[in-house]
Amino acid sequence: MPCINYTAKCFAQNIPHAKILSIDVSAVRRLPGVAAVLTAADIPGSKTFGIVTKNQQVLVSDKARYLGDGIVLIAAETREIAGRALRHISVSYRQLPVLSSPDEAMKPEAPSIHEGSNIFSHHKVRKGDVESGFSQADILLERRYQTQHIEHSYLEPEAVLAEPDEQGGVRITGSVQNLFSTRRSVAEVLNLDLAQVQIKQATLGGSFGGKDEASTLLCCRAALLTMATGRPVKMVNSREESMLESYKRHPYNMEYKLGAKRDGTPTAFEIRCIADGGAYASTSAFVTWRSVVQATGPYRCKNVKTDTLAVYTNNNYTGAMRGFGSPQVCFASETLMDELAEKLQMDPLTLRLKVVFRDGDVTATGQKLRHKVSLIEVLNEVAGISDFARKWGQNRNERRKAYPVKKGIGLACSYRGVSLGAEGADAAGVIVSVQTDGSLIVSSGLTDMGQGAQTAIAQIAAEVLGISLARVRFLNTNTSRVPDSGPTVASRTTIMGGSAAKSAAEKVLTAMKPVAAHLIDADNPENIVVQKNHFIDAETGRKVTFSRVADACFQRGVSLFGFGWFKSPKTTWDEETGRGDAYFTFVYGANVAEVEVDTETGKVKVSKFYAAHEVGRAINRAMVEGQIYGGVAMGLGYGLLEEFNFNQGSPTALNFDEYLLATALDVPQVECRIVENPDPVGPFGAKSIGEPANEIAAPAIINAIANATGKRIYQLPANLEQVLLGHKLAGSGARGSENFLG
Ligand code: MOS
């Protein structure tokens with residue numbers, strides 16, 4: 001049963017929005033070397049899939065909604081045949097108007113991209129009374145901000161191998177971030193039970209939130225071809241296919257109105273964010289929910305009115321990407337607070353220290369923060385190591401001088417909900433299995449995609465059992481071997497998977513202790529401790545190796561297979577009022593960037609970066625720092641370089657020759673401070689770092705540019721044009737008032 005290595009897709013060529021009138025593949029079917037040709041009509045089960053709203057098409061049946069929509073799927077014996085076969089497909093279209101932005105898609109006369117309104121998600125926060133808040137303000141600032149589409153840019157494009165299994169099902173191995181949601185979709189599309197679909201995670205070459213629906217799509221298609229041919233089918237996206245087909249980070253249009261007292265205290269926030277959701281629903285409803293919770297930033301304010309909307313357009317659909325709705329609002333809220341400080345003639349650190357959340361404060365959604373709130377601590381840490389206040393004042397004085405290259409320093413901070421929060425059921429499972437030689441196999445429903453889950457979860461299990469990490473083998477996820485543990489997203493893996501691993505290892509330990517006690521004649525198993533691969537009787541000091549106890553357990557029929565399940569504490573949410581305990585805990589971070597701005601070219605060089613993050617407790621300091629370095633590098637690209645642009649729904653670049661990413665040459669030295677205030681829920685006190693490390697790098701850089709030049713940037717990326725010529729948003733930026741009132 002040789003594998004089919006060559007597949008080809010017919011995309012909606014250059015027609016992002018079209019009614020499909022007919023698809024004729026009869027000529028392709030006659031070509032020698034073509035193993036299968038499939039259209040939507042050949043799908044046995046559901047023709048669509050999706051995590052929130054199932055409207056993403058596996059193959060287009062009647063309407064193409066973006067250029068990455070696939071219409072016909074071909075499997076062939078050689079690449080040449082697959083490529084040639086594409087030319088024998090005939091599709092007739094009726095073009096529909098292309099809606100290339102939310103502005104166009106929200107017009108009353110705009111055609112519906114799906115059924116009904118193009119606005120497909122709307123979250124609200126209503127707290128206090130913003131009108132009365134604004135009337136108490138001494139200063140009002142109204143600003144508009146805009147962020148761009150960006151690409152995840154994982155090194156490895158999506159790739160999957162589907163094989164028929166022995167009992168009529170399908171087995172898929174691939175670069176998949178969220179195996180269980182993918183399995184649900186494949187099962188629905190093929191009309192199979194979940195038990196008949198096995199998804200095995202191949203070691204991932206990066207994901208950053210990106211290998212969710214993009215990989216699900218590939219899995220569904222490869223599985224369809226496997227079922228049609230009875231043969232293994234490999235599908236590998238080229239970089240161009242990946243960029244054309246995959247989802248991006250949501251661009252946001254944001255309107256912020258902030259009222260504040262002369263001393264900096266915010267009296268009201270009114271915020272409206274419109275996200276370009278692109279062609280399909282994907283996770284937009286969840287992404288914009290995180291935004292609505294986090295939009296004000298970590299600032300005390302009694303009156304808040306926030307709306308976040310997601311709108312269909314004919315651009316690529318948008319979905320999860322590291323931060324998940326926070327990088328956009330962090331850019332707006334953090335640069336706005338910086339501007340407020342400037343208007344009030346305060347420095348940005350003093351203002352923040354005055355108005356950020358402290359222990360017991362109440363968030364925009366009415367949640368009382370009952371844990372240790374570490375904002376003051378991270379702000380002081382990062383300001384201390386960067387000598388922020390002095391440099392900020394000095395740069396400000398020197399920017400009047402005529403040097404073409406000006407120095408700047410900028411600050412940003414955030415609070416971020418850990419895990420899924422009220423957006424979904426939050427539970428995860430880990431299996432710890434001690435082998436007869438004392439080595440350990442850990443299997444988890446959560447995946448390692450390079451972020452370090454493997455190390456963190458294995459370390460937690462090893463710590464509980466007192467054995468060395470070298471004895472632990474962490475398995476890639478396999479949906480048939482571990483329970484559905486939800487998606488590996490939302491920086492939830494260490495806290496959820498780690499807690500489950502801890503509980504699994506504790507169960508095994510409890511089973512081993514009586515056997516160990518017997519081997520070393522200990523009177524009380526309770527007095528046994530584990531340390532350095534030994535069970536030790538704390539009273540007598542007698543000890544026995546972990547591996548001997550493991551073997552003895554096997555001889556006596558004691559099971560050393562531990563299953564741990566961790567369900568998060570309760571969260572609440574009222575969709576109408578936007579009130580609730582949105583997350584069971586939060587993390588806190590502060591970043592400082594130093595820049596050199598060439599005012600003759602607009603070129604910004606980030607010369608030094610400082611990051612302080614409160615992570616509960618660092619399970620592995622080197623890996624926490626690794627996440628911070630990576631997060632800063634990505635944030636630098638978001639702030640200064642990256643933009644995935646469309647022209648009437650057509651991407652303007654489909655490879656890295658034209659899509660600008662930050663490289664090692666752009667990334668400065670990053671100095672980290674890890675702040676530890678152990679969380680009562682997290683395993684050994686751990687919380688999270690993956691996404692927090694990314695969300696405030698860009699605003700710190702943008703604020704540094706303002707410190708250097710005195711000019712504000714309202715639109716990302718701060719490329720040469722932005723820095724040199726300033727904002728170009730229609731009627732925006734410094735639109736409206738920045739007046740002192742009364
Ligand atoms: Mo992540 S952006 O929550 O996959």
# chains A, B, ... in the order shown; residues from 1 in each chain; ligands from 1
$ closest_atom_pairs --of "chain A" --to "ligand 1" --cutoff "12 Å" --atoms "only C-alpha atoms and all ligand atoms" --output "JSON lines"
{"residue": "A:His152", "atom": "CA", "partner": "ligand 1", "partner_atom_place_in_ligand_line": "2 (S)", "distance": 9.8}
{"residue": "A:Val176", "atom": "CA", "partner": "ligand 1", "partner_atom_place_in_ligand_line": "4 (O)", "distance": 11.1}
{"residue": "A:Gln177", "atom": "CA", "partner": "ligand 1", "partner_atom_place_in_ligand_line": "4 (O)", "distance": 7.8}
{"residue": "A:Asn178", "atom": "CA", "partner": "ligand 1", "partner_atom_place_in_ligand_line": "4 (O)", "distance": 8.4}
{"residue": "A:Gly206", "atom": "CA", "partner": "ligand 1", "partner_atom_place_in_ligand_line": "4 (O)", "distance": 11.2}
{"residue": "A:Ser207", "atom": "CA", "partner": "ligand 1", "partner_atom_place_in_ligand_line": "4 (O)", "distance": 7.9}
{"residue": "A:Phe208", "atom": "CA", "partner": "ligand 1", "partner_atom_place_in_ligand_line": "4 (O)", "distance": 6.0}
{"residue": "A:Gly209", "atom": "CA", "partner": "ligand 1", "partner_atom_place_in_ligand_line": "4 (O)", "distance": 3.1}
{"residue": "A:Gly210", "atom": "CA", "partner": "ligand 1", "partner_atom_place_in_ligand_line": "4 (O)", "distance": 6.6}
{"residue": "A:Lys211", "atom": "CA", "partner": "ligand 1", "partner_atom_place_in_ligand_line": "4 (O)", "distance": 8.0}
{"residue": "A:Asp212", "atom": "CA", "partner": "ligand 1", "partner_atom_place_in_ligand_line": "4 (O)", "distance": 7.4}
{"residue": "A:Glu213", "atom": "CA", "partner": "ligand 1", "partner_atom_place_in_ligand_line": "4 (O)", "distance": 10.5}
{"residue": "A:Ala214", "atom": "CA", "partner": "ligand 1", "partner_atom_place_in_ligand_line": "4 (O)", "distance": 11.9}
{"residue": "A:Tyr247", "atom": "CA", "partner": "ligand 1", "partner_atom_place_in_ligand_line": "2 (S)", "distance": 11.6}
{"residue": "A:Lys248", "atom": "CA", "partner": "ligand 1", "partner_atom_place_in_ligand_line": "2 (S)", "distance": 10.6}
{"residue": "A:Arg249", "atom": "CA", "partner": "ligand 1", "partner_atom_place_in_ligand_line": "2 (S)", "distance": 8.9}
{"residue": "A:His250", "atom": "CA", "partner": "ligand 1", "partner_atom_place_in_ligand_line": "2 (S)", "distance": 11.1}
{"residue": "A:Ser282", "atom": "CA", "partner": "ligand 1", "partner_atom_place_in_ligand_line": "4 (O)", "distance": 12.0}
{"residue": "A:Thr283", "atom": "CA", "partner": "ligand 1", "partner_atom_place_in_ligand_line": "2 (S)", "distance": 9.6}
{"residue": "A:Ser284", "atom": "CA", "partner": "ligand 1", "partner_atom_place_in_ligand_line": "2 (S)", "distance": 11.1}
{"residue": "A:Phe286", "atom": "CA", "partner": "ligand 1", "partner_atom_place_in_ligand_line": "3 (O)", "distance": 9.5}
{"residue": "A:Val287", "atom": "CA", "partner": "ligand 1", "partner_atom_place_in_ligand_line": "2 (S)", "distance": 8.4}
{"residue": "A:Thr288", "atom": "CA", "partner": "ligand 1", "partner_atom_place_in_ligand_line": "2 (S)", "distance": 11.9}
{"residue": "A:Arg290", "atom": "CA", "partner": "ligand 1", "partner_atom_place_in_ligand_line": "3 (O)", "distance": 10.0}
{"residue": "A:Thr318", "atom": "CA", "partner": "ligand 1", "partner_atom_place_in_ligand_line": "2 (S)", "distance": 11.0}
{"residue": "A:Gly319", "atom": "CA", "partner": "ligand 1", "partner_atom_place_in_ligand_line": "2 (S)", "distance": 7.8}
{"residue": "A:Ala320", "atom": "CA", "partner": "ligand 1", "partner_atom_place_in_ligand_line": "2 (S)", "distance": 4.1}
{"residue": "A:Met321", "atom": "CA", "partner": "ligand 1", "partner_atom_place_in_ligand_line": "2 (S)", "distance": 3.6}
{"residue": "A:Arg322", "atom": "CA", "partner": "ligand 1", "partner_atom_place_in_ligand_line": "2 (S)", "distance": 3.8}
{"residue": "A:Gly323", "atom": "CA", "partner": "ligand 1", "partner_atom_place_in_ligand_line": "2 (S)", "distance": 5.3}
{"residue": "A:Phe324", "atom": "CA", "partner": "ligand 1", "partner_atom_place_in_ligand_line": "2 (S)", "distance": 4.5}
{"residue": "A:Gly325", "atom": "CA", "partner": "ligand 1", "partner_atom_place_in_ligand_line": "2 (S)", "distance": 8.2}
{"residue": "A:Ser326", "atom": "CA", "partner": "ligand 1", "partner_atom_place_in_ligand_line": "2 (S)", "distance": 9.6}
{"residue": "A:Pro327", "atom": "CA", "partner": "ligand 1", "partner_atom_place_in_ligand_line": "2 (S)", "distance": 10.5}
{"residue": "A:Gly417", "atom": "CA", "partner": "ligand 1", "partner_atom_place_in_ligand_line": "3 (O)", "distance": 11.3}
{"residue": "A:Val418", "atom": "CA", "partner": "ligand 1", "partner_atom_place_in_ligand_line": "3 (O)", "distance": 10.2}
{"residue": "A:Ser419", "atom": "CA", "partner": "ligand 1", "partner_atom_place_in_ligand_line": "3 (O)", "distance": 8.3}
{"residue": "A:Leu420", "atom": "CA", "partner": "ligand 1", "partner_atom_place_in_ligand_line": "3 (O)", "distance": 8.1}
{"residue": "A:Gly421", "atom": "CA", "partner": "ligand 1", "partner_atom_place_in_ligand_line": "3 (O)", "distance": 11.3}
{"residue": "A:Glu423", "atom": "CA", "partner": "ligand 1", "partner_atom_place_in_ligand_line": "3 (O)", "distance": 11.3}
{"residue": "A:Leu446", "atom": "CA", "partner": "ligand 1", "partner_atom_place_in_ligand_line": "4 (O)", "distance": 11.7}
{"residue": "A:Thr447", "atom": "CA", "partner": "ligand 1", "partner_atom_place_in_ligand_line": "4 (O)", "distance": 11.1}
{"residue": "A:Asp448", "atom": "CA", "partner": "ligand 1", "partner_atom_place_in_ligand_line": "4 (O)", "distance": 11.8}
{"residue": "A:Met449", "atom": "CA", "partner": "ligand 1", "partner_atom_place_in_ligand_line": "4 (O)", "distance": 10.3}
{"residue": "A:Gln451", "atom": "CA", "partner": "ligand 1", "partner_atom_place_in_ligand_line": "4 (O)", "distance": 11.3}
{"residue": "A:Gly486", "atom": "CA", "partner": "ligand 1", "partner_atom_place_in_ligand_line": "4 (O)", "distance": 11.4}
{"residue": "A:Pro487", "atom": "CA", "partner": "ligand 1", "partner_atom_place_in_ligand_line": "4 (O)", "distance": 7.8}
{"residue": "A:Thr488", "atom": "CA", "partner": "ligand 1", "partner_atom_place_in_ligand_line": "4 (O)", "distance": 6.5}
{"residue": "A:Val489", "atom": "CA", "partner": "ligand 1", "partner_atom_place_in_ligand_line": "3 (O)", "distance": 3.6}
{"residue": "A:Ala490", "atom": "CA", "partner": "ligand 1", "partner_atom_place_in_ligand_line": "3 (O)", "distance": 3.6}
{"residue": "A:Ser491", "atom": "CA", "partner": "ligand 1", "partner_atom_place_in_ligand_line": "3 (O)", "distance": 6.4}
{"residue": "A:Arg492", "atom": "CA", "partner": "ligand 1", "partner_atom_place_in_ligand_line": "3 (O)", "distance": 8.3}
{"residue": "A:Thr493", "atom": "CA", "partner": "ligand 1", "partner_atom_place_in_ligand_line": "3 (O)", "distance": 10.3}
{"residue": "A:Ser688", "atom": "CA", "partner": "ligand 1", "partner_atom_place_in_ligand_line": "3 (O)", "distance": 11.8}
{"residue": "A:Ile689", "atom": "CA", "partner": "ligand 1", "partner_atom_place_in_ligand_line": "3 (O)", "distance": 11.8}
{"residue": "A:Gly690", "atom": "CA", "partner": "ligand 1", "partner_atom_place_in_ligand_line": "1 (Mo)", "distance": 8.9}
{"residue": "A:Glu691", "atom": "CA", "partner": "ligand 1", "partner_atom_place_in_ligand_line": "2 (S)", "distance": 7.4}
{"residue": "A:Pro692", "atom": "CA", "partner": "ligand 1", "partner_atom_place_in_ligand_line": "2 (S)", "distance": 10.8}
{"residue": "A:Asn694", "atom": "CA", "partner": "ligand 1", "partner_atom_place_in_ligand_line": "2 (S)", "distance": 10.5}
{"residue": "A:Glu695", "atom": "CA", "partner": "ligand 1", "partner_atom_place_in_ligand_line": "2 (S)", "distance": 11.0}
$ select_by_dssp --residues "region 328-456 of chain A" --states "helix (DSSP H, G or I)" --output "number ranges by chain"
A: 328-343, 348-355, 375-386, 388-398, 421-423, 453-456
$ residues_around --residues "Asp165 (chain A)" --least-positions-apart "3" --cutoff "9 Å" --atoms "only C-alpha atoms" --output "PyMOL selection string"
chain A and resi 168-171+196-198
$ write_last_selection --atoms "all heavy atoms" --output "short mmCIF file (atom, residue, chain, number, x, y, z; two decimals), in the first residue's frame"
data_model
loop_
_atom_site.label_atom_id
_atom_site.label_comp_id
_atom_site.auth_asym_id
_atom_site.auth_seq_id
_atom_site.Cartn_x
_atom_site.Cartn_y
_atom_site.Cartn_z
N GLY A 168 -11.35 0.12 9.75
CA GLY A 168 -12.26 1.01 9.04
C GLY A 168 -12.18 2.46 9.45
O GLY A 168 -12.95 3.30 8.96
N GLY A 169 -11.28 2.78 10.35
CA GLY A 169 -11.13 4.17 10.77
C GLY A 169 -9.92 4.80 10.11
O GLY A 169 -9.44 4.32 9.08
N VAL A 170 -9.44 5.87 10.71
CA VAL A 170 -8.31 6.57 10.13
C VAL A 170 -7.34 7.00 11.23
O VAL A 170 -7.75 7.28 12.36
CB VAL A 170 -8.80 7.79 9.28
CG1 VAL A 170 -9.51 8.81 10.17
CG2 VAL A 170 -7.67 8.44 8.52
N ARG A 171 -6.06 6.95 10.88
CA ARG A 171 -5.02 7.35 11.82
C ARG A 171 -4.26 8.50 11.16
O ARG A 171 -3.85 8.39 10.01
CB ARG A 171 -4.11 6.16 12.07
CG ARG A 171 -3.02 6.39 13.08
CD ARG A 171 -2.42 5.05 13.54
NE ARG A 171 -2.00 4.25 12.38
CZ ARG A 171 -2.31 2.97 12.19
NH1 ARG A 171 -3.06 2.33 13.05
NH2 ARG A 171 -1.88 2.34 11.13
N GLN A 196 -12.95 6.04 16.24
CA GLN A 196 -12.40 5.53 14.98
C GLN A 196 -11.37 6.47 14.37
O GLN A 196 -10.79 6.17 13.33
CB GLN A 196 -13.52 5.31 13.96
CG GLN A 196 -14.47 4.18 14.33
CD GLN A 196 -15.59 4.10 13.33
OE1 GLN A 196 -16.49 4.94 13.31
NE2 GLN A 196 -15.54 3.10 12.46
N VAL A 197 -11.18 7.62 14.99
CA VAL A 197 -10.23 8.60 14.46
C VAL A 197 -9.11 8.77 15.48
O VAL A 197 -9.36 9.13 16.63
CB VAL A 197 -10.91 9.96 14.20
CG1 VAL A 197 -9.89 10.99 13.71
CG2 VAL A 197 -12.06 9.81 13.21
N GLN A 198 -7.90 8.45 15.05
CA GLN A 198 -6.77 8.58 15.97
C GLN A 198 -5.85 9.68 15.43
O GLN A 198 -5.43 9.61 14.28
CB GLN A 198 -6.03 7.24 16.04
CG GLN A 198 -4.84 7.29 16.97
CD GLN A 198 -4.16 5.92 17.15
OE1 GLN A 198 -3.15 5.84 17.82
NE2 GLN A 198 -4.70 4.88 16.57
#
$ closest_residue --among "A:Arg390, A:Lys605, A:Arg358, A:Arg542" --to "Asp523 (chain A)" --atoms "only C-alpha atoms"
A:Arg542
$ residues_around --residues "Ser503 (chain A)" --least-positions-apart "6" --cutoff "10 Å" --atoms "only C-alpha atoms" --output "ChimeraX atom specification"
/A:429-432,460-461,464,497,509,562-566,683
$ atom_distance --atom1 "CA of Val508 (chain A)" --atom2 "CA of Val482 (chain A)"
17.3 Å
$ residues_around --residues "Pro97 (chain A)" --least-positions-apart "4" --cutoff "9 Å" --atoms "only C-alpha atoms" --output "list of chain:residue names"
A:Pro16, A:His17, A:Ala18, A:Ala110, A:Pro111
$ residues_around --residues "Gly277 (chain A)" --least-positions-apart "2" --cutoff "6 Å" --atoms "only C-alpha atoms" --output "VMD selection string"
chain A and resid 275 310 to 312 317 to 318
$ residues_around --residues "region 5-10 of chain A" --least-positions-apart "5" --cutoff "7 Å" --atoms "only C-alpha atoms" --output "JSON, numbers by chain"
{"A": [70, 71, 72, 73, 74, 75, 76, 77, 78, 79, 82, 83, 86, 233, 234, 235]}
$ write_last_selection --atoms "all heavy atoms" --output "mmCIF file, in the first residue's frame"
data_model
loop_
_atom_site.group_PDB
_atom_site.id
_atom_site.type_symbol
_atom_site.label_atom_id
_atom_site.label_comp_id
_atom_site.auth_asym_id
_atom_site.auth_seq_id
_atom_site.Cartn_x
_atom_site.Cartn_y
_atom_site.Cartn_z
ATOM 1 N N GLY A 70 -10.371 26.103 -0.717
ATOM 2 C CA GLY A 70 -10.060 25.019 -1.646
ATOM 3 C C GLY A 70 -11.332 24.494 -2.299
ATOM 4 O O GLY A 70 -12.366 24.371 -1.647
ATOM 5 N N ILE A 71 -11.246 24.153 -3.572
ATOM 6 C CA ILE A 71 -12.440 23.714 -4.298
ATOM 7 C C ILE A 71 -12.369 22.243 -4.687
ATOM 8 O O ILE A 71 -13.329 21.499 -4.533
ATOM 9 C CB ILE A 71 -12.654 24.617 -5.536
ATOM 10 C CG1 ILE A 71 -12.907 26.051 -5.055
ATOM 11 C CG2 ILE A 71 -13.829 24.138 -6.381
ATOM 12 C CD1 ILE A 71 -12.906 27.085 -6.119
ATOM 13 N N VAL A 72 -11.212 21.845 -5.197
ATOM 14 C CA VAL A 72 -11.038 20.450 -5.622
ATOM 15 C C VAL A 72 -9.748 19.915 -5.014
ATOM 16 O O VAL A 72 -8.763 20.640 -4.889
ATOM 17 C CB VAL A 72 -10.962 20.347 -7.169
ATOM 18 C CG1 VAL A 72 -10.757 18.900 -7.606
ATOM 19 C CG2 VAL A 72 -12.207 20.930 -7.808
ATOM 20 N N LEU A 73 -9.786 18.661 -4.659
ATOM 21 C CA LEU A 73 -8.644 18.004 -4.031
ATOM 22 C C LEU A 73 -8.198 16.850 -4.921
ATOM 23 O O LEU A 73 -9.026 16.043 -5.348
ATOM 24 C CB LEU A 73 -9.148 17.444 -2.704
ATOM 25 C CG LEU A 73 -8.254 17.339 -1.511
ATOM 26 C CD1 LEU A 73 -7.543 18.649 -1.241
ATOM 27 C CD2 LEU A 73 -9.123 16.939 -0.311
ATOM 28 N N ILE A 74 -6.910 16.787 -5.200
ATOM 29 C CA ILE A 74 -6.399 15.740 -6.086
ATOM 30 C C ILE A 74 -5.274 14.985 -5.389
ATOM 31 O O ILE A 74 -4.412 15.593 -4.763
ATOM 32 C CB ILE A 74 -5.844 16.363 -7.395
ATOM 33 C CG1 ILE A 74 -6.992 16.988 -8.190
ATOM 34 C CG2 ILE A 74 -5.106 15.320 -8.241
ATOM 35 C CD1 ILE A 74 -6.523 17.896 -9.291
ATOM 36 N N ALA A 75 -5.301 13.674 -5.487
ATOM 37 C CA ALA A 75 -4.175 12.854 -5.027
ATOM 38 C C ALA A 75 -3.621 12.141 -6.247
ATOM 39 O O ALA A 75 -4.385 11.579 -7.039
ATOM 40 C CB ALA A 75 -4.636 11.842 -3.992
ATOM 41 N N ALA A 76 -2.302 12.189 -6.400
ATOM 42 C CA ALA A 76 -1.714 11.608 -7.604
ATOM 43 C C ALA A 76 -0.401 10.919 -7.286
ATOM 44 O O ALA A 76 0.188 11.132 -6.225
ATOM 45 C CB ALA A 76 -1.497 12.698 -8.650
ATOM 46 N N GLU A 77 0.047 10.096 -8.228
ATOM 47 C CA GLU A 77 1.254 9.297 -8.009
ATOM 48 C C GLU A 77 2.529 10.140 -8.097
ATOM 49 O O GLU A 77 3.539 9.775 -7.511
ATOM 50 C CB GLU A 77 1.343 8.147 -9.033
ATOM 51 C CG GLU A 77 0.117 7.224 -9.058
ATOM 52 C CD GLU A 77 -0.107 6.451 -7.749
ATOM 53 O OE1 GLU A 77 0.823 6.389 -6.924
ATOM 54 O OE2 GLU A 77 -1.235 5.939 -7.558
ATOM 55 N N THR A 78 2.499 11.212 -8.865
ATOM 56 C CA THR A 78 3.685 12.069 -8.944
ATOM 57 C C THR A 78 3.259 13.523 -8.809
ATOM 58 O O THR A 78 2.102 13.876 -9.036
ATOM 59 C CB THR A 78 4.435 11.932 -10.296
ATOM 60 O OG1 THR A 78 3.603 12.502 -11.324
ATOM 61 C CG2 THR A 78 4.751 10.481 -10.634
ATOM 62 N N ARG A 79 4.241 14.331 -8.463
ATOM 63 C CA ARG A 79 3.985 15.764 -8.327
ATOM 64 C C ARG A 79 3.547 16.359 -9.668
ATOM 65 O O ARG A 79 2.658 17.209 -9.731
ATOM 66 C CB ARG A 79 5.260 16.455 -7.833
ATOM 67 C CG ARG A 79 5.095 17.915 -7.443
ATOM 68 C CD ARG A 79 6.430 18.566 -7.116
ATOM 69 N NE ARG A 79 7.154 17.876 -6.051
ATOM 70 C CZ ARG A 79 6.936 18.090 -4.757
ATOM 71 N NH1 ARG A 79 6.058 18.975 -4.377
ATOM 72 N NH2 ARG A 79 7.618 17.425 -3.843
ATOM 73 N N ALA A 82 -0.073 15.567 -10.387
ATOM 74 C CA ALA A 82 -0.954 16.374 -9.532
ATOM 75 C C ALA A 82 -1.034 17.802 -10.051
ATOM 76 O O ALA A 82 -2.114 18.389 -10.149
ATOM 77 C CB ALA A 82 -0.448 16.353 -8.093
ATOM 78 N N GLY A 83 0.119 18.351 -10.404
ATOM 79 C CA GLY A 83 0.151 19.731 -10.893
ATOM 80 C C GLY A 83 -0.596 19.866 -12.213
ATOM 81 O O GLY A 83 -1.375 20.805 -12.417
ATOM 82 N N LEU A 86 -4.484 19.851 -12.192
ATOM 83 C CA LEU A 86 -5.174 21.094 -11.822
ATOM 84 C C LEU A 86 -5.707 21.820 -13.052
ATOM 85 O O LEU A 86 -6.757 22.453 -13.023
ATOM 86 C CB LEU A 86 -4.211 22.031 -11.070
ATOM 87 C CG LEU A 86 -3.885 21.692 -9.616
ATOM 88 C CD1 LEU A 86 -2.887 22.691 -9.072
ATOM 89 C CD2 LEU A 86 -5.148 21.686 -8.770
ATOM 90 N N VAL A 233 -2.016 8.852 2.740
ATOM 91 C CA VAL A 233 -1.910 10.085 1.951
ATOM 92 C C VAL A 233 -1.155 11.127 2.764
ATOM 93 O O VAL A 233 -1.485 11.389 3.923
ATOM 94 C CB VAL A 233 -3.307 10.645 1.594
ATOM 95 C CG1 VAL A 233 -3.191 12.014 0.947
ATOM 96 C CG2 VAL A 233 -4.048 9.690 0.679
ATOM 97 N N LYS A 234 -0.150 11.699 2.160
ATOM 98 C CA LYS A 234 0.623 12.740 2.829
ATOM 99 C C LYS A 234 0.253 14.086 2.215
ATOM 100 O O LYS A 234 0.220 14.217 0.986
ATOM 101 C CB LYS A 234 2.112 12.463 2.639
ATOM 102 C CG LYS A 234 3.006 13.314 3.503
ATOM 103 C CD LYS A 234 4.414 12.741 3.567
ATOM 104 C CE LYS A 234 5.247 13.318 2.445
ATOM 105 N NZ LYS A 234 6.626 12.794 2.462
ATOM 106 N N MET A 235 -0.027 15.069 3.055
ATOM 107 C CA MET A 235 -0.276 16.429 2.556
ATOM 108 C C MET A 235 0.663 17.381 3.272
ATOM 109 O O MET A 235 0.682 17.428 4.503
ATOM 110 C CB MET A 235 -1.708 16.878 2.833
ATOM 111 C CG MET A 235 -2.733 16.207 1.965
ATOM 112 S SD MET A 235 -4.328 17.048 2.115
ATOM 113 C CE MET A 235 -4.199 18.184 0.772
#
$ atom_distance --atom1 "CA of Arg144 (chain A)" --atom2 "CA of Ala268 (chain A)"
16.5 Å
$ closest_residue --among "A:Leu244, A:Leu179, A:Ala187, A:Ala295" --to "Pro651 (chain A)" --atoms "only C-alpha atoms"
A:Leu244
$ select_by_dssp --residues "region 601-696 of chain A" --states "strand (DSSP E)" --output "VMD selection string"
chain A and resid 604 to 614 646 to 647 650 to 651 669 to 675
$ atom_distance --atom1 "CA of Asp24 (chain A)" --atom2 "CA of Gly68 (chain A)"
19.6 Å
$ closest_atom_pairs --of "region 366-483 of chain A" --to "region 702-715 of chain A" --cutoff "10 Å" --atoms "only C-alpha atoms" --output "tab-separated table"
residue	atom	partner	partner_atom	distance
A:Lys391	CA	A:Asn707	CA	9.7
A:Trp392	CA	A:Asn707	CA	6.8
A:Gly393	CA	A:Asn707	CA	8.8
A:Gln394	CA	A:Asn707	CA	9.6
A:Asn395	CA	A:Ala708	CA	6.1
A:Arg396	CA	A:Asn707	CA	5.9
A:Asn397	CA	A:Ala708	CA	9.5
A:Glu398	CA	A:Ala708	CA	8.4
A:Arg399	CA	A:Ala708	CA	6.0
A:Arg400	CA	A:Thr709	CA	8.6
A:Val405	CA	A:Ala708	CA	8.8
A:Lys406	CA	A:Ala708	CA	5.4
A:Lys407	CA	A:Ala708	CA	5.0
A:Gly408	CA	A:Ala708	CA	4.0
A:Ile409	CA	A:Ala704	CA	4.1
A:Gly410	CA	A:Ala704	CA	3.7
A:Leu411	CA	A:Asn703	CA	6.5
A:Ala412	CA	A:Asn703	CA	7.9
$ closest_residue --among "A:Asn476, A:Asn380, A:Thr53, A:Ser135" --to "Ile441 (chain A)" --atoms "only C-alpha atoms"
A:Asn476
